[in-house]
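**Student:** Take a look at this one; I'll ask things after.
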Amino acid sequence: MLASTLSSGWFLENAWLIPLIPAIGFAFIIFFGKRMPQGGSEFGLLSMAASFAIAVGATVQWIQRVNSASSEGEHALGGFFGFARAVLPMAGEEGGHSAAFVEPVVRTWTWWQSGGLEFGVGQHIDGLSIMLLLLVTFISLLVQIYSTEYVSGDRRYTHFFAALTLFSAGMLVMVLAENMIQLILGWEIMGLCSFMLIGHWWEEAANSRAALKAFFTVRVGDVGLLVGTAVIFFGANDWAVERGSNGFSIRAISAWALSGEASNSVLFWGGVALFIAAIGKSGQFPLHTWLPDAMAGPTPVSSLLHSSTMVVAGVFLVARVYPVFFVGFDILDTAVNLITIIGGITIIAAAALAFVQDDIKKVLAYSTVSQLGYMMLGLGVGAWLPAVFHIFTHAFFKCALFLAAGSVSHSGSHHSFDMKKDMGGLARKMPITATTWMISTAALCGIPFFSGFFSKDEIIDNASHNGYQFFYWVGLIGAAMTAAYMTRATYLTFFGAPRGAAAGEHHDDHSDAHDAHAAHDAHDDHDAHHDDHHGRHAGPHESPWRITAPLVILASLAIFSGYLNAPAVGTHYFTDWVEPAGVAVAADHAATATDGEEHALGFAALAAEEEGGYSEGCGFTTPEDGTVCYAPKLSHAEFAWSKAAPSIVLVAFGILMSAWLSMGVFGDRKHPLKGLTSRSGIARRGHAFLVNKYYLDHLYEGVIVKAVAHPIAKAAYWINQNILDGVVNGVGRSGRATGEWVYRNLDQRVVDGAVNASGLVASETGHALQPIQSGKVNQYGALLFGAATVGAIVLILVNI
Amino acid sequence: MNALLAADVNVAQNVGFYVIAAVMLYGAVRVVSTRNVVHAALWLVVVLGGVAAQYVLAAAEFVAISQVMVYIGAVMVLFLFGIMLTRATIGSEDGLNNRGWGLGIPVALLLAGTMIWVVVDQYRGTVLESPEGPMPTTALSDVFLREGLVPFLALSFVLLAAAIGAIVLARKD
Amino acid sequence: MYAVNFLILGALLFSLGVFGVIARRNAVMVLMSIELILNAVNVNLIAFAMMNNSAEGHVFALYVIAVAAAEVGVGLAMVLMIYRNRRSIALDELSAMKG
């Protein structure tokens, strides 16, 4: 209907090629990579370049489509109105641009059928997926170019590129996913590849441990994904089948959640389960511990994982089925909800941890965790677009920061990542790296006119706009902390006196270098690699062009990408292109709802009091009969410099404070703060608390595992020793044992008293049980079947 | 239990059933009680053959043939190889049973009693109609390649994994 | 023919198999007893297929046969490995699972 009037094109219709090409590239690398002159990396590069080209084409055509939709909407609104039943007036829109609904380009094919259920595979192209397709292919391409230099000479060079390519393919499958099953497929491919990539140098125990930790921690969350998908499926399927779809389709789920017919508790628990998956994947607070350890992987992997792929997957999941969360968690009607709590805790907790890291990559890792907290917070407070925009800008500057850190270690600090030991004063030796680092840092800190400012500030602003006053302050404090820890890292790396390897000191023997590395999980050292570079460079120098070129490109994007949606200068392209319009449109399936009665959703009453026309629109009132909503109607806070002022002031304060402290603590001059942790007990304890990452790892491994596993093992052992064997033994020996027990008991009771007797009983039982220790398997079998039979009898008796 | 005296149904079929069932049960008792490992394996052949015969009575020809080929053809050979390779005594031996084997009797009796009670309670008097002919193999293939396709594929992987796993486990190194 | 005939036969075979699993000391014998159990299940499946006059019970029985074949293959490989390492397949001598 609407779609017929919208422009489309070959790239949009065939966007499913984007993940397919890297997947084929992966197969080529695996089968032929070793025989190729470049070890298979050419397949990876070519496939990513082809995907990127298609993604660019698709983006251009999507923009044309959006433009055609809005022009259509403007001059044909009168005639169109009745047909499309756009129930929404354009109130609350800034800039006066119309919010016509742009039909996503959806194509599906049957993947398999089972038990009357059809599982599809296909593409669902809307603003969100187009944005991520472009982002992921672009970053993957740059990272692959960078990797050709960074891991050259590695003994598993081919496998590295294979895993990298498949990893990108997995992310792209997920981004394109038309239904939840396909989303899970991509999600799991990524999980597997992240395991392979983080453990790329598995010869060192720390690396393979980190890979396992990442895999298992994320797996904890994945259970939530499966449960959530199932919950949503059983909730939505009947509604969706009536309309010619099914309960896995993302479009159907979104429409169902906003239809007013969905049960709130189903949405809530489905949302909670899906959010647990997002917590695991996106490294949110209780499950964030895997992410810093994942630094054990090669730097290109860290940068790919942390900028646009793996960790964004969780945020993407929430953004993708946003209506479920919007309705399930009553966003816009509460001052606090699960997403904002987790996001808020993550922002502050991770930023605090970033202060005490000596490893430059770990600072960046915690910074990523903290920024992901911002994205989650944005989604939680109803700032869908700023959160998605933050994914976009964050990808560029965080990728640039990681690649710069890799460049420093590659050429500046002799493969060390320790800021305190091996860096300092590198700004003069590595001007390009230092400049790009500082630009990206400025973007990350949210300094005005860099990209991060436009996205992060919008999130913070909208938190207050939508009534989440507390989280407004959390966001502000987080911004100040971000500025402070990044200033510390910048100072330690690029300013001050050169130390260790940065000063040109050579680690003469390898054991020295290895000792230093053994202190951290993360290091990118590799023997073959190491030797390769040993002869070539003596001191710090600038990296070759294959490393600096991606850096320069990313750093310029770190400045300019923000202007796609900079209210300060009046641009809102990103909003136009990405945000789905929260208007009800005619259901494109012939079947109509039988219950078309319009009734307000639960929270419309309160929402009506808010400004900005919140009283109606998708997510607030039930769509009219025959129409469906695909996205909730969200309003944006108006930008004003006066509202941005607090964050600018706090950021400036954070930078100045941290610069002053850094110079004082790490500089040459004497300073009262120097050695504070060795003098003040409170400071030392606080420092230890942070260095130990809030003791969460201890909690997981030491306390929970011990508390859960040990008592169970002990209880099982006790039952085994005292009851099970006793039962078995009892059959044969009870007569004799009882006789002996009675005899001894009576005898001893007279002579030595009860205490002695009970000791003897225990000892006698122990001796008597010893011959029965054998034949365990059969005994287990007997108990299993016996218990099952008894259970069955109980059930039968109950049901009679 | 007059349910077992199925007077109103095909007599030849019933007689066949009882004869075969009696042989099978005797064979099964011997499998779990004989003192000779090889004899146990041979008695197992009797039981499995009896099961195949019952399938024929129940009009499940294809399953019966599969039963003969897979169990009597392949599985039994495997068992005999297993017995030989582990150098079990060919003659009778003591100690084939556990010391606590007596526990099996009450468990098995309890289990049998429960199941028979439930089955009789639920299906007393239910008559299986004599099928017109054997279940056509096309009907089976329809199920296999339609609703049962995904389990079928999964099963293929199980078999592949089992083949690889058996090789890995039994390899000498 | 009455349905209970098949079902009672299945129940008896099953119980005999369970007895074998519990009583037998030799690992190969235990595997044989497991075969008895699986066949008992198959007898029931065929009976139910006849009762409902559908092919699905047959298909299930075939699945069970295939799984049983896999189980015997892996099981005997494990028995062989245990025998090679310990020169014995008496289950009561394998007490590494002892708590």
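Naming works like this for the structure tokens: A, B, ... for the chains as they're shown, residue 1 at the start of each chain, ligands 1 onward in shown order.
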Using only C-alpha atoms, tabulate the residues of chain C lying at most 8 Å from any atom of chain B, each with its closest atom pair and that distance in Å to one decimal, by chain and increasing residue number, as a tab-separated table.

**Tutor:**
residue	atom	partner	partner_atom	distance
C:Met1	CA	B:Leu128	CA	5.4
C:Tyr2	CA	B:Val127	CA	4.5
C:Ala3	CA	B:Leu128	CA	5.7
C:Val4	CA	B:Tyr123	CA	6.2
C:Asn5	CA	B:Leu4	CA	6.5
C:Leu7	CA	B:Val119	CA	6.7
C:Ile8	CA	B:Ile116	CA	5.8
C:Leu9	CA	B:Ala21	CA	6.9
C:Ala11	CA	B:Ala112	CA	5.9
C:Leu12	CA	B:Ala112	CA	5.9
C:Leu13	CA	B:Leu25	CA	6.9
C:Phe14	CA	B:Ala112	CA	7.7
C:Ser15	CA	B:Ala108	CA	4.9
C:Leu16	CA	B:Ala108	CA	6.7
C:Gly17	CA	B:Val32	CA	7.4
C:Val18	CA	B:Ala108	CA	6.2
C:Phe19	CA	B:Gly104	CA	4.9
C:Gly20	CA	B:Val32	CA	4.9
C:Ile22	CA	B:Gly104	CA	5.4
C:Ala23	CA	B:Trp101	CA	4.1
C:Arg24	CA	B:Asn97	CA	4.5
C:Arg25	CA	B:Asn97	CA	4.8
C:Asn26	CA	B:Leu96	CA	6.0
C:Val28	CA	B:Ile83	CA	6.9
C:Met29	CA	B:Val37	CA	7.2
C:Met32	CA	B:Leu44	CA	7.4
C:Ser33	CA	B:Val32	CA	7.0
C:Leu36	CA	B:Ala28	CA	7.6
C:Asn39	CA	B:Val51	CA	7.3
C:Val43	CA	B:Val51	CA	7.1
C:Ile46	CA	B:Ala58	CA	7.1
C:Ala47	CA	B:Ala58	CA	7.1
C:Met50	CA	B:Leu128	CA	6.6
C:Met51	CA	B:Leu128	CA	5.5
C:Ala55	CA	B:Leu140	CA	5.7
C:Glu56	CA	B:Val143	CA	6.7
C:His58	CA	B:Val63	CA	6.6
C:Val59	CA	B:Leu140	CA	6.4
C:Ala61	CA	B:Val63	CA	7.2
C:Leu62	CA	B:Val63	CA	6.4
C:Tyr63	CA	B:Leu155	CA	7.5
C:Ile65	CA	B:Gln67	CA	7.2
C:Ala66	CA	B:Leu159	CA	7.5
C:Val67	CA	B:Leu155	CA	7.4
C:Ala69	CA	B:Val75	CA	6.6
C:Ala70	CA	B:Ala162	CA	5.4
C:Glu71	CA	B:Ala162	CA	7.4
C:Val72	CA	B:Val75	CA	7.0
C:Gly73	CA	B:Ala166	CA	6.1
C:Val74	CA	B:Ala166	CA	4.8
C:Leu76	CA	B:Gly82	CA	6.3
C:Ala77	CA	B:Ala170	CA	5.0
C:Met78	CA	B:Leu169	CA	6.3
C:Val79	CA	B:Gly82	CA	7.9
C:Leu80	CA	B:Ala170	CA	6.4
C:Met81	CA	B:Ala170	CA	5.8
C:Tyr83	CA	B:Thr86	CA	6.2
C:Ser88	CA	B:Thr86	CA	7.7
C:Ile89	CA	B:Thr86	CA	7.5
C:Asp92	CA	B:Asn98	CA	7.3

**Student:** Excluding A:Val369 and any residue of its chain fewer than 3 positions from it, enumerate the residues within 12 Å of it, using only C-alpha atoms, and give them as a compact mmCIF listing (two decimals) with N, CA, C and O atoms, in the first residue's frame.

**Tutor:**
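Contents of the output file out_34.txt:
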# COMPACT_ATOMS: atom_id res chain seq x y z
N ILE A 279 21.98 -7.56 28.73
CA ILE A 279 22.95 -7.32 29.80
C ILE A 279 24.21 -8.14 29.55
O ILE A 279 25.33 -7.65 29.64
N GLY A 280 24.01 -9.42 29.21
CA GLY A 280 25.16 -10.27 28.98
C GLY A 280 25.98 -9.82 27.78
O GLY A 280 27.19 -9.69 27.86
N LYS A 281 25.30 -9.56 26.69
CA LYS A 281 26.03 -9.25 25.46
C LYS A 281 26.65 -7.86 25.52
O LYS A 281 27.75 -7.66 25.05
N SER A 282 25.92 -6.92 26.06
CA SER A 282 26.40 -5.55 26.05
C SER A 282 27.18 -5.20 27.31
O SER A 282 27.44 -4.03 27.56
N GLY A 283 27.55 -6.18 28.09
CA GLY A 283 28.40 -5.93 29.23
C GLY A 283 27.80 -4.96 30.23
O GLY A 283 28.48 -4.08 30.74
N GLN A 284 26.52 -5.10 30.51
CA GLN A 284 25.91 -4.23 31.52
C GLN A 284 26.20 -4.75 32.91
O GLN A 284 26.71 -5.87 33.08
N PHE A 285 25.83 -3.99 33.90
CA PHE A 285 26.45 -4.09 35.21
C PHE A 285 26.74 -5.49 35.77
O PHE A 285 27.90 -5.84 35.86
N PRO A 286 25.78 -6.33 36.10
CA PRO A 286 26.30 -7.51 36.82
C PRO A 286 27.09 -8.46 35.93
O PRO A 286 27.88 -9.23 36.43
N LEU A 287 26.90 -8.39 34.65
CA LEU A 287 27.60 -9.33 33.77
C LEU A 287 28.68 -8.65 32.93
O LEU A 287 29.06 -9.14 31.89
N HIS A 288 29.20 -7.50 33.41
CA HIS A 288 30.16 -6.79 32.57
C HIS A 288 31.57 -7.35 32.70
O HIS A 288 32.46 -6.92 31.98
N THR A 289 31.78 -8.31 33.61
CA THR A 289 33.16 -8.67 33.94
C THR A 289 33.91 -9.30 32.78
O THR A 289 35.12 -9.29 32.76
N TRP A 290 33.17 -9.85 31.82
CA TRP A 290 33.89 -10.50 30.73
C TRP A 290 34.56 -9.49 29.81
O TRP A 290 35.55 -9.77 29.17
N LEU A 291 34.00 -8.29 29.75
CA LEU A 291 34.40 -7.37 28.69
C LEU A 291 35.84 -6.87 28.84
O LEU A 291 36.60 -6.93 27.89
N PRO A 292 36.25 -6.43 30.03
CA PRO A 292 37.65 -6.03 30.16
C PRO A 292 38.61 -7.20 29.94
O PRO A 292 39.67 -7.02 29.36
N LEU A 305 35.04 -5.55 18.36
CA LEU A 305 34.07 -6.00 19.36
C LEU A 305 33.44 -4.82 20.08
O LEU A 305 32.25 -4.82 20.37
N HIS A 306 34.26 -3.83 20.38
CA HIS A 306 33.80 -2.79 21.29
C HIS A 306 33.22 -1.58 20.60
O HIS A 306 32.69 -0.71 21.24
N SER A 307 33.37 -1.51 19.28
CA SER A 307 32.84 -0.30 18.67
C SER A 307 31.48 -0.57 18.05
O SER A 307 30.49 0.05 18.42
N VAL A 311 29.26 -5.89 21.34
CA VAL A 311 28.64 -5.30 22.51
C VAL A 311 27.43 -4.45 22.14
O VAL A 311 26.58 -4.20 22.98
N VAL A 312 27.39 -4.01 20.90
CA VAL A 312 26.23 -3.21 20.48
C VAL A 312 25.02 -4.11 20.27
O VAL A 312 23.88 -3.66 20.27
N GLY A 314 23.50 -6.16 22.14
CA GLY A 314 22.49 -6.10 23.19
C GLY A 314 21.64 -4.84 23.08
O GLY A 314 20.41 -4.87 23.20
N VAL A 315 22.33 -3.71 22.82
CA VAL A 315 21.59 -2.46 22.67
C VAL A 315 20.68 -2.55 21.45
O VAL A 315 19.52 -2.12 21.48
N ILE A 342 19.83 -0.48 35.48
CA ILE A 342 21.04 -1.19 35.06
C ILE A 342 21.96 -0.24 34.30
O ILE A 342 23.17 -0.19 34.53
N GLY A 343 21.38 0.55 33.38
CA GLY A 343 22.19 1.49 32.62
C GLY A 343 22.89 2.49 33.53
O GLY A 343 24.08 2.74 33.39
N GLY A 344 22.15 3.02 34.49
CA GLY A 344 22.73 4.01 35.39
C GLY A 344 23.86 3.44 36.22
O GLY A 344 24.94 4.03 36.33
N ILE A 345 23.62 2.27 36.81
CA ILE A 345 24.68 1.64 37.60
C ILE A 345 25.91 1.41 36.73
O ILE A 345 27.05 1.66 37.13
N THR A 346 25.67 0.93 35.50
CA THR A 346 26.80 0.62 34.63
C THR A 346 27.62 1.87 34.33
O THR A 346 28.85 1.82 34.34
N ILE A 347 26.95 2.98 34.06
CA ILE A 347 27.68 4.21 33.73
C ILE A 347 28.65 4.55 34.84
O ILE A 347 29.84 4.76 34.62
N ILE A 348 28.13 4.61 36.06
CA ILE A 348 28.96 5.08 37.18
C ILE A 348 30.00 4.03 37.55
O ILE A 348 31.19 4.32 37.73
N ALA A 349 29.56 2.77 37.66
CA ALA A 349 30.47 1.74 38.14
C ALA A 349 31.64 1.56 37.19
O ALA A 349 32.80 1.48 37.61
N ALA A 350 31.35 1.50 35.90
CA ALA A 350 32.43 1.26 34.94
C ALA A 350 33.35 2.47 34.87
O ALA A 350 34.57 2.32 34.75
N ALA A 351 32.78 3.68 34.94
CA ALA A 351 33.63 4.87 34.87
C ALA A 351 34.58 4.90 36.07
O ALA A 351 35.76 5.24 35.94
N ALA A 352 34.08 4.50 37.24
CA ALA A 352 34.95 4.49 38.42
C ALA A 352 36.07 3.49 38.24
O ALA A 352 37.22 3.73 38.61
N LEU A 353 35.74 2.34 37.65
CA LEU A 353 36.77 1.31 37.45
C LEU A 353 37.85 1.79 36.49
O LEU A 353 39.01 1.44 36.61
N ALA A 354 37.44 2.62 35.52
CA ALA A 354 38.41 3.06 34.52
C ALA A 354 39.51 3.90 35.13
O ALA A 354 40.59 4.04 34.55
N LYS A 362 42.36 -1.54 28.93
CA LYS A 362 41.32 -1.77 29.93
C LYS A 362 40.58 -0.48 30.25
O LYS A 362 39.38 -0.50 30.55
N VAL A 363 41.32 0.65 30.21
CA VAL A 363 40.63 1.93 30.38
C VAL A 363 39.55 2.05 29.31
O VAL A 363 38.39 2.38 29.58
N LEU A 364 39.95 1.74 28.08
CA LEU A 364 39.00 1.84 26.98
C LEU A 364 37.86 0.83 27.15
O LEU A 364 36.71 1.12 26.82
N ALA A 365 38.20 -0.35 27.66
CA ALA A 365 37.15 -1.36 27.83
C ALA A 365 36.11 -0.88 28.82
O ALA A 365 34.90 -0.95 28.56
N TYR A 366 36.56 -0.35 29.96
CA TYR A 366 35.59 0.14 30.94
C TYR A 366 34.85 1.34 30.39
O TYR A 366 33.67 1.55 30.68
N LEU A 372 28.09 2.07 26.91
CA LEU A 372 26.94 1.20 26.64
C LEU A 372 25.85 1.46 27.68
O LEU A 372 24.66 1.37 27.38
N GLY A 373 26.30 1.77 28.89
CA GLY A 373 25.33 2.14 29.91
C GLY A 373 24.53 3.36 29.48
O GLY A 373 23.31 3.42 29.68
N TYR A 374 25.21 4.33 28.82
CA TYR A 374 24.49 5.49 28.32
C TYR A 374 23.44 5.09 27.29
O TYR A 374 22.31 5.59 27.28
N MET A 375 23.84 4.17 26.39
CA MET A 375 22.88 3.77 25.36
C MET A 375 21.66 3.11 26.00
O MET A 375 20.52 3.39 25.65
N MET A 376 21.93 2.22 26.97
CA MET A 376 20.83 1.56 27.64
C MET A 376 19.97 2.57 28.38
O MET A 376 18.75 2.51 28.35
N HIS A 394 29.55 6.65 18.80
CA HIS A 394 30.46 5.91 19.67
C HIS A 394 31.30 4.94 18.85
O HIS A 394 32.48 4.75 19.13
N LYS A 398 35.25 5.24 19.44
CA LYS A 398 35.82 4.16 20.23
C LYS A 398 36.71 3.27 19.39
O LYS A 398 37.77 2.84 19.81
N GLY A 478 28.29 10.87 35.23
CA GLY A 478 29.04 9.96 34.37
C GLY A 478 29.84 10.71 33.32
O GLY A 478 30.98 10.34 33.03
N THR A 482 33.76 10.43 32.83
CA THR A 482 34.35 10.05 31.55
C THR A 482 35.47 11.00 31.18
O THR A 482 36.58 10.58 30.82

**Student:** Can you check which residues of stretch 20-108 of chain B DSSP gives as alpha helix (DSSP H) on the backbone and send them as a VMD selection string?

**Tutor:** chain B and resid 20 to 33 37 to 57 61 to 67 76 to 85 104 to 108

**Student:** Would you please work out which residue, of B:Ala154, B:Ala12, B:Val68, B:Leu149, is nearest to chain A when using only C-alpha atoms?

**Tutor:**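 The answer is B:Leu149, which sits nearest to chain A.
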
**Student:** Of the candidates A:Leu117, A:Val628, A:Ile547, A:Leu164, which shows the shortest atom-to-atom distance to chain B, using only C-alpha atoms?

**Tutor:**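 Using only C-alpha atoms, the shortest distance to chain B belongs to A:Leu117.
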
**Student:** Just want the 12 Å neighbourhood of A:Asn246, counted on only C-alpha atoms, with same-chain residues fewer than 6 positions away dropped. Output as a ChimeraX atom specification.

**Tutor:** /A:116-120,178-181,232-240,252-256

**Student:** For stretch 324-339 of chain A, work out the shell of residues within 7 Å, counting only C-alpha atoms and skipping chain neighbours fewer than 5 positions away, then give it as a list in words.

**Tutor:** Ser254, Ala257, Asn264, Leu267, Phe268, Gly271, Met376, Leu377, Gly380, Val381, Gly382, Asn466, Gly467, Tyr468, Phe603, Ala607 and Gly619 of chain A

**Student:** Just to confirm, what's the straight-line distance from atom CA of A:Asp126 to atom CA of A:Ser561 in Å (one decimal)?

**Tutor:**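 According to the coordinates, atom CA of A:Asp126 and atom CA of A:Ser561 are separated by 19.7 Å.
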
**Student:** Can you list every residue in chain C that DSSP puts in strand (DSSP E or B), as a list of chain:residue names?

**Tutor:** C:Tyr2, C:Arg24, C:Asn26, C:Ala90

**Student:** Export, as a compact mmCIF listing (two decimals), in the first residue's frame, the selected residues with C-alpha atoms.

**Tutor:**
# COMPACT_ATOMS: atom_id res chain seq x y z
CA TYR C 2 -6.37 -55.94 22.86
CA ARG C 24 24.61 -56.90 36.21
CA ASN C 26 29.65 -56.63 33.44
CA ALA C 90 33.41 -54.77 36.11

**Student:** Using Å and a single decimal, report how far atom CA of C:Ile82 sits from atom CA of B:Asn36.

**Tutor:** 21.0 Å
